[in-house]
file protein-v5.cif (mmCIF, C-alpha atoms)
data_final
loop_
_atom_site.group_PDB
_atom_site.id
_atom_site.type_symbol
_atom_site.label_atom_id
_atom_site.label_comp_id
_atom_site.auth_asym_id
_atom_site.auth_seq_id
_atom_site.Cartn_x
_atom_site.Cartn_y
_atom_site.Cartn_z
ATOM 1 C CA MET A 1 -30.390 64.723 0.784
ATOM 2 C CA ARG A 2 -27.873 65.982 -1.753
ATOM 3 C CA ARG A 3 -26.740 62.431 -2.515
ATOM 4 C CA MET A 4 -30.343 61.349 -3.094
ATOM 5 C CA LEU A 5 -30.885 64.206 -5.510
ATOM 6 C CA LEU A 6 -27.670 63.414 -7.359
ATOM 7 C CA LEU A 7 -28.600 59.733 -7.514
ATOM 8 C CA ALA A 8 -32.049 60.624 -8.898
ATOM 9 C CA VAL A 9 -30.497 62.821 -11.610
ATOM 10 C CA VAL A 10 -28.062 60.070 -12.605
ATOM 11 C CA LEU A 11 -30.828 57.469 -12.729
ATOM 12 C CA LEU A 12 -33.138 59.701 -14.747
ATOM 13 C CA SER A 13 -30.409 60.448 -17.268
ATOM 14 C CA THR A 14 -30.114 56.742 -18.049
ATOM 15 C CA VAL A 15 -33.843 56.095 -18.485
ATOM 16 C CA ARG A 16 -34.809 54.924 -21.944
ATOM 17 C CA VAL A 17 -37.721 56.512 -23.761
ATOM 18 C CA ASN A 18 -40.163 53.907 -25.138
ATOM 19 C CA GLY A 19 -37.637 51.208 -24.279
ATOM 20 C CA GLN A 20 -34.949 52.740 -26.525
ATOM 21 C CA ALA A 21 -31.851 54.732 -25.708
ATOM 22 C CA PRO A 22 -31.991 58.318 -26.937
ATOM 23 C CA ALA A 23 -30.517 58.610 -30.423
ATOM 24 C CA VAL A 24 -27.204 60.417 -30.614
ATOM 25 C CA ARG A 25 -26.759 62.378 -33.839
ATOM 26 C CA THR A 26 -23.311 61.784 -35.291
ATOM 27 C CA PRO A 27 -22.119 62.884 -38.732
ATOM 28 C CA VAL A 28 -22.372 59.316 -40.040
ATOM 29 C CA SER A 29 -25.824 58.676 -38.527
ATOM 30 C CA ILE A 30 -27.120 61.954 -39.994
ATOM 31 C CA ALA A 31 -25.832 61.163 -43.496
ATOM 32 C CA GLU A 32 -26.944 57.544 -43.435
ATOM 33 C CA ALA A 33 -30.450 58.392 -42.200
ATOM 34 C CA PHE A 34 -30.706 60.812 -45.124
ATOM 35 C CA LEU A 35 -29.495 58.273 -47.696
ATOM 36 C CA THR A 36 -31.789 55.594 -46.270
ATOM 37 C CA ARG A 37 -34.809 57.875 -46.619
ATOM 38 C CA LEU A 38 -33.801 58.681 -50.193
ATOM 39 C CA GLY A 39 -33.670 54.938 -50.838
ATOM 40 C CA ASN A 40 -37.253 54.738 -49.572
ATOM 41 C CA GLY A 41 -38.326 57.483 -51.980
ATOM 42 C CA GLU A 42 -38.797 60.077 -49.219
ATOM 43 C CA VAL A 43 -36.908 63.006 -50.790
ATOM 44 C CA GLY A 44 -38.727 65.846 -48.980
ATOM 45 C CA PRO A 45 -38.668 64.280 -45.510
ATOM 46 C CA ALA A 46 -35.030 63.212 -46.068
ATOM 47 C CA TYR A 47 -33.945 66.819 -46.590
ATOM 48 C CA ASP A 48 -36.164 68.102 -43.785
ATOM 49 C CA GLU A 49 -34.491 65.720 -41.331
ATOM 50 C CA LEU A 50 -31.016 66.352 -42.771
ATOM 51 C CA PHE A 51 -31.277 70.081 -42.097
ATOM 52 C CA ARG A 52 -33.301 69.782 -38.859
ATOM 53 C CA LYS A 53 -30.574 71.227 -36.588
ATOM 54 C CA SER A 54 -28.940 73.306 -39.312
ATOM 55 C CA PRO A 55 -29.073 76.981 -40.241
ATOM 56 C CA MET A 56 -30.032 75.665 -43.689
ATOM 57 C CA SER A 57 -33.485 74.904 -42.267
ATOM 58 C CA THR A 58 -34.233 78.634 -42.562
ATOM 59 C CA GLN A 59 -33.166 78.717 -46.221
ATOM 60 C CA SER A 60 -36.377 77.293 -47.647
ATOM 61 C CA ILE A 61 -35.737 78.472 -51.228
ATOM 62 C CA GLN A 62 -32.385 76.646 -51.408
ATOM 63 C CA VAL A 63 -33.713 73.539 -49.668
ATOM 64 C CA ASP A 64 -36.760 73.411 -51.952
ATOM 65 C CA ALA A 65 -34.458 73.704 -54.979
ATOM 66 C CA LEU A 66 -32.344 70.807 -53.662
ATOM 67 C CA LYS A 67 -35.471 68.711 -53.164
ATOM 68 C CA ARG A 68 -36.688 69.374 -56.713
ATOM 69 C CA GLN A 69 -33.267 68.744 -58.236
ATOM 70 C CA THR A 70 -32.850 65.489 -56.335
ATOM 71 C CA GLN A 71 -36.383 64.349 -57.161
ATOM 72 C CA SER A 72 -35.765 64.920 -60.876
ATOM 73 C CA VAL A 73 -32.309 63.311 -61.048
ATOM 74 C CA LEU A 74 -32.736 60.142 -59.002
ATOM 75 C CA PRO A 75 -35.116 58.288 -61.374
ATOM 76 C CA ILE A 76 -32.664 58.651 -64.280
ATOM 77 C CA TYR A 77 -30.307 56.050 -62.793
ATOM 78 C CA GLY A 78 -32.867 53.411 -61.906
ATOM 79 C CA LYS A 79 -33.613 51.833 -58.571
ATOM 80 C CA ILE A 80 -31.398 52.687 -55.591
ATOM 81 C CA VAL A 81 -29.560 49.553 -54.491
ATOM 82 C CA GLY A 82 -27.614 50.944 -51.535
ATOM 83 C CA PHE A 83 -24.882 53.279 -50.383
ATOM 84 C CA GLU A 84 -21.426 53.026 -48.883
ATOM 85 C CA LEU A 85 -19.141 55.345 -46.967
ATOM 86 C CA TYR A 86 -16.122 56.055 -49.152
ATOM 87 C CA ARG A 87 -14.258 58.492 -46.931
ATOM 88 C CA GLN A 88 -14.511 60.353 -43.645
ATOM 89 C CA ASP A 89 -12.189 63.298 -43.011
ATOM 90 C CA LYS A 90 -12.051 65.009 -39.626
ATOM 91 C CA PHE A 91 -10.863 68.594 -39.372
ATOM 92 C CA GLY A 92 -10.292 68.996 -35.662
ATOM 93 C CA GLU A 93 -13.097 67.999 -33.317
ATOM 94 C CA SER A 94 -15.865 70.112 -34.842
ATOM 95 C CA LEU A 95 -15.833 69.617 -38.612
ATOM 96 C CA VAL A 96 -16.249 66.417 -40.649
ATOM 97 C CA ARG A 97 -16.464 65.775 -44.381
ATOM 98 C CA LEU A 98 -18.163 62.560 -45.475
ATOM 99 C CA LEU A 99 -18.088 61.142 -48.991
ATOM 100 C CA TYR A 100 -20.646 58.486 -49.874
ATOM 101 C CA VAL A 101 -21.284 56.483 -53.009
ATOM 102 C CA GLN A 102 -24.973 55.900 -53.575
ATOM 103 C CA ARG A 103 -25.440 52.883 -55.823
ATOM 104 C CA PHE A 104 -28.186 52.739 -58.455
ATOM 105 C CA GLU A 105 -28.981 50.075 -61.037
ATOM 106 C CA LYS A 106 -27.435 52.149 -63.847
ATOM 107 C CA HIS A 107 -24.959 54.635 -62.348
ATOM 108 C CA PRO A 108 -23.561 55.789 -58.970
ATOM 109 C CA ILE A 109 -23.868 59.225 -57.413
ATOM 110 C CA VAL A 110 -21.289 60.749 -55.048
ATOM 111 C CA TRP A 111 -22.645 62.621 -52.020
ATOM 112 C CA LYS A 112 -20.460 65.039 -50.050
ATOM 113 C CA PHE A 113 -21.628 66.143 -46.594
ATOM 114 C CA TRP A 114 -19.928 68.802 -44.477
ATOM 115 C CA VAL A 115 -21.087 68.387 -40.878
ATOM 116 C CA TYR A 116 -20.228 70.969 -38.233
ATOM 117 C CA ARG A 117 -20.534 71.033 -34.448
ATOM 118 C CA PRO A 118 -20.421 74.645 -33.234
ATOM 119 C CA SER A 119 -21.343 73.558 -29.701
ATOM 120 C CA GLY A 120 -22.806 70.234 -28.571
ATOM 121 C CA THR A 121 -24.936 69.292 -31.582
ATOM 122 C CA TRP A 122 -23.862 68.209 -35.059
ATOM 123 C CA GLN A 123 -25.515 70.028 -37.945
ATOM 124 C CA VAL A 124 -25.225 69.682 -41.698
ATOM 125 C CA ASP A 125 -23.563 72.748 -43.148
ATOM 126 C CA THR A 126 -23.363 71.703 -46.808
ATOM 127 C CA VAL A 127 -24.523 68.789 -48.947
ATOM 128 C CA VAL A 128 -23.593 68.282 -52.597
ATOM 129 C CA PHE A 129 -24.286 65.403 -54.953
ATOM 130 C CA ASN A 130 -22.495 64.733 -58.200
ATOM 131 C CA ASP A 131 -23.153 62.185 -60.932
ATOM 132 C CA GLN A 132 -19.806 62.938 -62.617
ATOM 133 C CA LEU A 133 -17.980 60.826 -60.002
ATOM 134 C CA ASN A 134 -15.928 63.699 -58.648
ATOM 135 C CA PHE A 135 -14.434 62.689 -55.287
ATOM 136 C CA ASP A 136 -12.710 66.017 -54.573
#

call {"tool": "encode", "arguments": {"input": "protein-v5.cif", "output": "structure tokens"}}
result
Amino acid sequence: MRRMLLLAVVLLSTVRVNGQAPAVRTPVSIAEAFLTRLGNGEVGPAYDELFRKSPMSTQSIQVDALKRQTQSVLPIYGKIVGFELYRQDKFGESLVRLLYVQRFEKHPIVWKFWVYRPSGTWQVDTVVFNDQLNFD
């Protein structure tokens, strides 16, 4: 009986929902989902998803300010034409810094994401964008 129960648990853990494997949130997948949504013009939903598992989700004043700032700056550089991972730095097993270049028609923007895993789930701790091309 115990083997049957164990077998059922193992089988259920491999079942796909709607025919797809459950999405695993990694630092890169979190950042790239955010940048993709920005490319689609979805600034508010991009930030909402970015901070979904983060303590920043409770900081609505700061998140709203980021949304407004991003919304006002992005059109200055023209259409978004893509993004690329410039650098990924791991600090142990629980902290990652990602640097991305987001390409526009007129000028690039550098995005810096600090992603932290205090237990089993990655969460965005800090996000900063800079149009002065500062990679520090």

call {"tool": "closest_residue", "arguments": {"input": "protein-v5.cif", "among": "A:Val101, A:Leu133, A:Val110, A:Val28", "to": "Val81 (chain A)", "atoms": "all atoms listed in the file"}}
result
A:Val101

call {"tool": "resolve_selection", "arguments": {"input": "protein-v5.cif", "expression": "the PyMOL selection byres ((chain A and resi 63) around 12)", "output": "list in words"}}
result
Val43, Gly44, Pro45, Ala46, Tyr47, Asp48, Glu49, Leu50, Phe51, Arg52, Ser54, Pro55, Met56, Ser57, Thr58, Gln59, Ser60, Ile61, Gln62, Asp64, Ala65, Leu66, Lys67, Arg68, Gln69, Thr70, Thr126, Val127 and Val128 of chain A

call {"tool": "atom_distance", "arguments": {"input": "protein-v5.cif", "atom1": "CA of Ser94 (chain A)", "atom2": "CA of Arg25 (chain A)"}}
result
13.4 Å

call {"tool": "residues_around", "arguments": {"input": "protein-v5.cif", "residues": "Pro108 (chain A)", "least_positions_apart": "5", "cutoff": "10 Å", "atoms": "only C-alpha atoms", "output": "ChimeraX atom specification"}}
result
/A:77,80-83,100-103,130-133

call {"tool": "closest_residue", "arguments": {"input": "protein-v5.cif", "among": "A:Pro75, A:Gly120, A:Pro27, A:Gly39", "to": "Gln88 (chain A)", "atoms": "all atoms listed in the file"}}
result
A:Pro27

call {"tool": "atom_distance", "arguments": {"input": "protein-v5.cif", "atom1": "CA of Ala33 (chain A)", "atom2": "CA of Phe113 (chain A)"}}
result
12.5 Å
